Structures are given as C-alpha cells and as structure tokens.
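Written below as structure tokens is the structure these notes are about.
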Amino acid sequence: MIHVRDPAPPQPPADIADRVRATLPRLTGALRLVADTVLAEPELVAELSTAALAERAGVSQASVTRFAQAIGLASHQQLRIAVATQLGRATIPGWSTDLGPVITDDDSVARVATVVANADIRAITQTVDQLDLEALDRAARALAAARRIDVYGVGGSSTIAAELEMRLFRIGAQVRAWPEIHGAATSAALLTAADAVVAISHSGTTAEVLEPVELARERGATTIGITSDPRSPLAGVVDEVLTTAVLETSFRSGGLAARHSQLVVTDCLYIRVAQLTSDRAGTAIDLTADISSKHSVRTRRSRGDRR
C-alpha cells in the first residue's frame with residue numbers, strides 16, 4: 001500500500017527565467033531568438049503584445065506562440081503573466097532575486113560562489129517540483145524487486161552511475177554500473193524480465209547509453225531513464241522517465257550543470273528502494289557499518305600528550 005504524504009506547504013513557482021534557461025539547449029533558430037529577448041529584456045517583454053515581441057525578436061508571431069509552448073505554457077499571454085509575476089516577486093523583501101548565469105572575468109570569487117550556488121539550488125528545487133512522483137515510485141519498486149540492476153552512463157554521467165551503484169550495493173542490491181558500451185551491451189544482452197536498468201544521459205541522445213537500453217528492453221527488463229529532455233530519444237524508449245532541471249552558468253553548461261539534479265533524482269531512488277526493502281537494507285547497513293572505521297588511520301598524539 002502506498003501512503004500518501006501530507007501536502008507540503010505551498011512553494012513559490014519557479015521563475016520563468018529559470019524555465020527558459022533550462023529549455024535553452026534544445027531551442028534553435030527563431031525560438032532561441034525569442035528566448036534571448038525574454039531573458040535580456042523581461043520588463044519590456046511583460047508589456048509587449050505578440051506582434052510587438054515578434055518584431056522585437058525579429059521573428060514571426062507564430063514563433064512567439066511556439067516558444068511559449070516549448071517552455072510549457074499555453075500561449076504568449078501566459079508568458080507575459082509569468083514574466084510579470086517574476087518581476088513582481090523580485091520586489092518582495094527577502095525574496096532571493098535571480099542573479100543570472102553569467103560570470104565575467106572581473107567578478108569576485110564571492111560572486112562566483114553565489115552565482116553557482118544560486119543556480120544549483122534553483123535547479124534542485126525545479127527538479128523536485130517537476131519530478132513525476134508516480135514514475136519515481138514505479139521505478140523504485142522495479143529496482144527493489146529486481147534480480148539484477150544495470151546502470152548505464154558514459155562520460156560525465158558515468159560518475160552519477162557509479163554513485164548510484166555504490167548506494168544500491170550498500171543496501172544489498174545486485175547492481176553494477178557500466179561506463180563503456182561493450183560491457184553495457186554485453187550485460188544488457190544477458191538480462192531478463194526479472195531485471196531492471198537505470199540509464200543516465202543529460203541530453204538523452206547518447207548512443208552509448210541508448211544502445212544497451214534498447215537491448216535491455218528487448219530482453220524484457222524494466223527500463224528507467226534520467227534525462228533533462230522529456231522529448232529525447234532516451235525518454236521515448238524507457239518505461240519510466242525521471243526528468244532533471246538544468247541551469248547553466250558561464251564555464252559550466254549542459255551535462256556539467258546537470259550533476260546536482262541527477263544526483264538528487266538518484267538519491268530519491270536510493271532512499272525509496274531502501275525504504276521498500278528495509279529489512280534487507282537494514283541488515284546490509286549493519287553488516288558493513290564498521291568497515292570504514294576499521295580502515296581509518298589513527299592520528300598520533302603529540303609527545304607532550306603521551307603518558
């Protein structure tokens with residue numbers, strides 16, 4: 001039986017600027033021009049009609065409408081309301097305003113730290129806000145019941161795959177992360193309907209991840225994808241899709257900016273699996289609890305402290 005948690009206290013909606021930035025990597029042409037205009041001139045955009053915004057961005061009115069839809073809004077009117085709402089919230093005392101993602105050569109280290117932290121906090125919050133909790137629960141239940149778990153992730157995503165492997169292994173799951181295609185494909189070919197797969201790809205287009213996932217699905221395994229693009233090829237091939245929000249900054253774009261959001265999703269999976277297999281997880285944690293302490297180097301006391 002699934003227990004529904006008490007409703008969380010109302011949270012402020014994510015800023016439209018954050019939503020636009022999260023969508024930027026997959027916007028091209030006219031839609032990218034509209035996005036750039038919205039980010040550069042929000043005060044003006046909040047006042048402009050569809051025709052006026054189209055003229056300002058140098059695109060057609062249809063492109064303005066398509067842009068609104070691309071970021072999850074129904075119309076340009078909703079875009080204007082969202083921008084105006086963000087501008088209004090920025091005047092509330094104590095509200096954390098958007099510092100933006102740009103870090104210049106002259107910025108202090110304090111501003112660098114603030115901009116990076118601000119982007120990561122917002123990305124994590126947006127990831128949790130948009131997370132499909134039913135899909136998360138189905139994915140965790142599949143992992144909890146799986147005979148064997150494969151985790152696929154190459155390049156930067158391999159670090160998140162390795163982290164998930166370590167966490168699930170610690171609570172008694174039979175799991176292995178595969179950071180290269182030959183091992184991943186070989187393992188996928190040996191899976192059955194009793195097994196499960198977690199595939200991690202920021203873009204959702206990485207061939208070295210898609211190939212073993214498709215093979216695993218052919219073998220009947222339950223497939224779970226973690227990606228920032230819900231319309232990506234990976235999202236289209238897996239059974240359960242868990243999406244992440246990404247806010248880029250200078251010198252840190254795409255997959256590099258996705259790490260914290262990916263880790264939050266994998267951590268939610270790990271905790272839910274541990275919860276669903278509490279007897280096994282508890283036993284495994286107890287049996288391994290003293291391993292780290294046994295391998296800790298003891299510091300020497302100074303000569304003056306010796307008795």
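Chain identifiers are assigned as A, B, and so on, following the order in which chains appear in the structure tokens; residues are numbered from 1 within each chain, and ligands are numbered from 1 in order of appearance.
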Inset, instruction - Check stretch 113-186 of chain A with DSSP on the backbone and list each residue it calls alpha helix (DSSP H), as a PyMOL selection string. - result: chain A and resi 113-130+133-145+157-170+181-186
Legend entry - Top pick for closest residue to A:Ala144, considering A:Val175, A:Ile291, A:Ala235, A:Val83 and counting only C-alpha atoms: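 Closest to A:Ala144 of all the choices is A:Val175.
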Inset, instruction - List the neighbours of A:Leu168 out to 12 Å using only C-alpha atoms; skip same-chain residues closer than 5 positions along the sequence, and give me the result as a PyMOL selection string. - result: chain A and resi 140+143-144+146+148-151+161-163+173-177+198+266-275+277+280-281+284-285
Inset, instruction - Please give the complete set of residues from stretch 187-242 of chain A that DSSP, run on the backbone, assigns to strand (DSSP E or B), formatted as number ranges by chain. - result: A: 196-200, 222-227, 240-242
Store the residues picked out above in a file with C-alpha atoms, as an mmCIF file, in the first residue's frame.
data_model
loop_
_atom_site.group_PDB
_atom_site.id
_atom_site.type_symbol
_atom_site.label_atom_id
_atom_site.label_comp_id
_atom_site.auth_asym_id
_atom_site.auth_seq_id
_atom_site.Cartn_x
_atom_site.Cartn_y
_atom_site.Cartn_z
ATOM 1 C CA ALA A 196 15.953 -3.557 -14.234
ATOM 2 C CA VAL A 197 18.044 -0.840 -15.854
ATOM 3 C CA VAL A 198 18.746 2.789 -14.990
ATOM 4 C CA ALA A 199 20.082 4.854 -17.912
ATOM 5 C CA ILE A 200 21.510 8.321 -17.250
ATOM 6 C CA THR A 222 12.248 -2.720 -16.794
ATOM 7 C CA THR A 223 13.981 0.405 -18.084
ATOM 8 C CA ILE A 224 14.303 3.746 -16.278
ATOM 9 C CA GLY A 225 15.724 6.910 -17.840
ATOM 10 C CA ILE A 226 17.121 10.009 -16.125
ATOM 11 C CA THR A 227 17.392 12.920 -18.561
ATOM 12 C CA GLU A 240 9.797 5.266 -16.720
ATOM 13 C CA VAL A 241 11.159 8.791 -17.307
ATOM 14 C CA LEU A 242 12.607 10.913 -14.497
#
Hey, could you make a per-residue contact list for stretch 65-166 of chain A against stretch 27-41 of chain A with 9 Å as the cut-off, showing the nearest pair of atoms and its distance in Å to one decimal, counting only C-alpha atoms, sorted by chain and number, as JSON lines?
{"residue": "A:Arg66", "atom": "CA", "partner": "A:Leu31", "partner_atom": "CA", "distance": 7.3}
{"residue": "A:Phe67", "atom": "CA", "partner": "A:Leu31", "partner_atom": "CA", "distance": 5.3}
{"residue": "A:Ala70", "atom": "CA", "partner": "A:Leu27", "partner_atom": "CA", "distance": 8.3}
{"residue": "A:Val83", "atom": "CA", "partner": "A:Val38", "partner_atom": "CA", "distance": 8.3}
Legend entry - Which residue of A:Ala74, A:Ala245, A:Val45, A:Val209 approaches A:Arg259 most closely, using only C-alpha atoms: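 Checking each of A:Ala74, A:Ala245, A:Val45, A:Val209 against A:Arg259, counting only C-alpha atoms, the winner is A:Ala245.
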Legend entry - Among the residues A:Arg122, A:Ala258, A:Ser158, A:Ala221, the one that comes closest to A:Ala145 [using only C-alpha atoms]: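 Nearest candidate to A:Ala145 out of A:Arg122, A:Ala258, A:Ser158, A:Ala221: A:Ala221.
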